[in-house]
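In what follows, a single structure is set out as structure tokens and then discussed.
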Amino acid sequence: MRAVALAKRPKGALTADCFTLVEAPAAAPQEGEVRIRGRYLSLDPYMRGAIDEHPLHGAPLPIGAVMPGRVVGEVTDSAHPDFKPGDLVRGDVGWRAAATVKGGALVKIPAGDLPLSWHTGVFGGPGLTAWIGYAVVGDPKPGETVVVSSAAGGVGMVAGQLGRARGCHVIGIAGGAAKCALAQSRFGFDEVIDYKAAPDLAAAVKAAAPRGVDFYFDNVGERTLDAVLANLNVRGRVALCGHIAAYNSLGSPDVGKRHYRDANSFRWRLQGFSVRDNADLWPRATAELMALAQAGKLVQHETVVDGLAGAGQGLADLIAGRVTGKAVVKLA
Ligand SMILES: NC(=O)c1ccc[n+]([C@@H]2O[C@H](COP(=O)([O-])OP(=O)(O)OC[C@H]3O[C@@H](n4cnc5c(N)ncnc54)[C@H](OP(=O)(O)O)[C@@H]3O)[C@@H](O)[C@H]2O)c1
């Protein structure tokens, strides 16, 4: 059975030669353990931070270590009373085709008629992240104006659809005409700004939101954040979800005009958050996201890499903006 390990640390833009395939057998489970075969691996931006020499959190992943990541898979053998062969599960087992882990490290996935890969996205970390950004930080009311950056990405597509479901006026920001068209046609954004074609992004946001922005779901940071802050209303909220625009240059200074005097004058709330801090909310979030999907109000668009051998290139493509929707590796 195969896995993907870190071969070398990236310098600047991520490249596929930072990763290497290794043999990683999954042993027969001992008491309390479960062996799973992976069906889908989720590729996520935090992985870029984990291998950087200046990681976002903690120590950098050692060279030679198997890459971290969440897998959706199927139980093949079980020595744990709560799991049986055929059960569908998800767990943070890393970039592995198969793994043997403690049963407590796995969460069962209810059988249903929606695609299994959606548990990497709209029902996985990205969906929970978007839901928590809305519930804990923004809580926008019907008729309010919401802006979402990386609108055609894994978190952004859910954030757009949640805004739509709440009856908000939802404006997306994405790179390129194809992503903008997808965000409008599939994710229900009322309007989408192509930031790559906007010479003055703050002016483009102003044109799209003439009454100002009430809630900004920020996936990107940097100049996009600056442009939206220039249009944030009194008592505006910003969910500081991620700053992917800087992930290839972590460790270098943060630059920009962050309008912090306005934050005081206009009583803004800018709040960073982590989906991991809010595990108590996951069951409620999952139930609501699944109900929306069952009602046809939440869909996943995905870019699928076939097999572990392409996972490194897939992550490089994700960080560089060459992926549309949720980035997924099909394992089996
Ligand atoms: N707080 C949390 O708990 C939490 C949890 C999960 C994810 N996150 C964060 O949420 C954000 C979105 O995650 P995701 O999984 O949905 O990834 P994603 O949005 O699918 O990520 C890839 C997209 O980021 C955009 N991007 C890359 N470089 C950019 C730049 N310089 N300027 C503007 N946009 C750029 C690209 O879209 P365009 O082509 O449109 O530029 C690219 O397609 C990330 O920042 C991630 O770290 C946070």
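Residue numbers start at 1 in each chain; chains themselves are named A, B, ... in the order of the structure tokens; ligands are numbered from 1 in the order shown.
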*Could you list, as a ChimeraX atom specification, all the residues within 6 Å of ligand 1, counting only C-alpha atoms and all ligand atoms?*
/A:44-46,126,129,150,153-156,174-175,219-220,241-245,273-275,318-326
*Among range 217-317 of chain A, which residues carry a DSSP assignment of alpha helix (DSSP H), reported as a ChimeraX atom specification?*
/A:222-229,260-265,282-294,311-317
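The shortest atom-to-atom distance to Leu331 in chain A, with only C-alpha atoms taken into account, belongs to A:Leu308 out of A:Ala159, A:Val89, A:Leu308, A:Leu43.
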*Would you list the contacts of Gly251 in chain A as a ChimeraX atom specification, taking every protein, DNA or RNA residue within 7 Å and counting only C-alpha atoms, but skipping same-chain residues closer than 2 positions in sequence?*
/A:54,249,253
*Write out as number ranges by chain all residues of range 6-78 of chain A that backbone DSSP assigns to strand (DSSP E).*
A: 6, 19-23, 33-42, 71-78
*Compile the contact shell of Lys11 in chain A as a list in words: residues with an atom at most 9 Å away, counting only C-alpha atoms, same-chain residues fewer than 6 positions apart removed.*
Asp52, Glu53, Asn248 and Ser249 of chain A
*asked:* I need the residue nearest Arg284 in chain A from this list: A:Gly176, A:Ala227, A:Ala135, A:Arg166. Use only C-alpha atoms for the distance.
replied: A:Ala135
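For the pair CA of Ala65 in chain A and CA of Ala5 in chain A, the separation is 5.2 Å.
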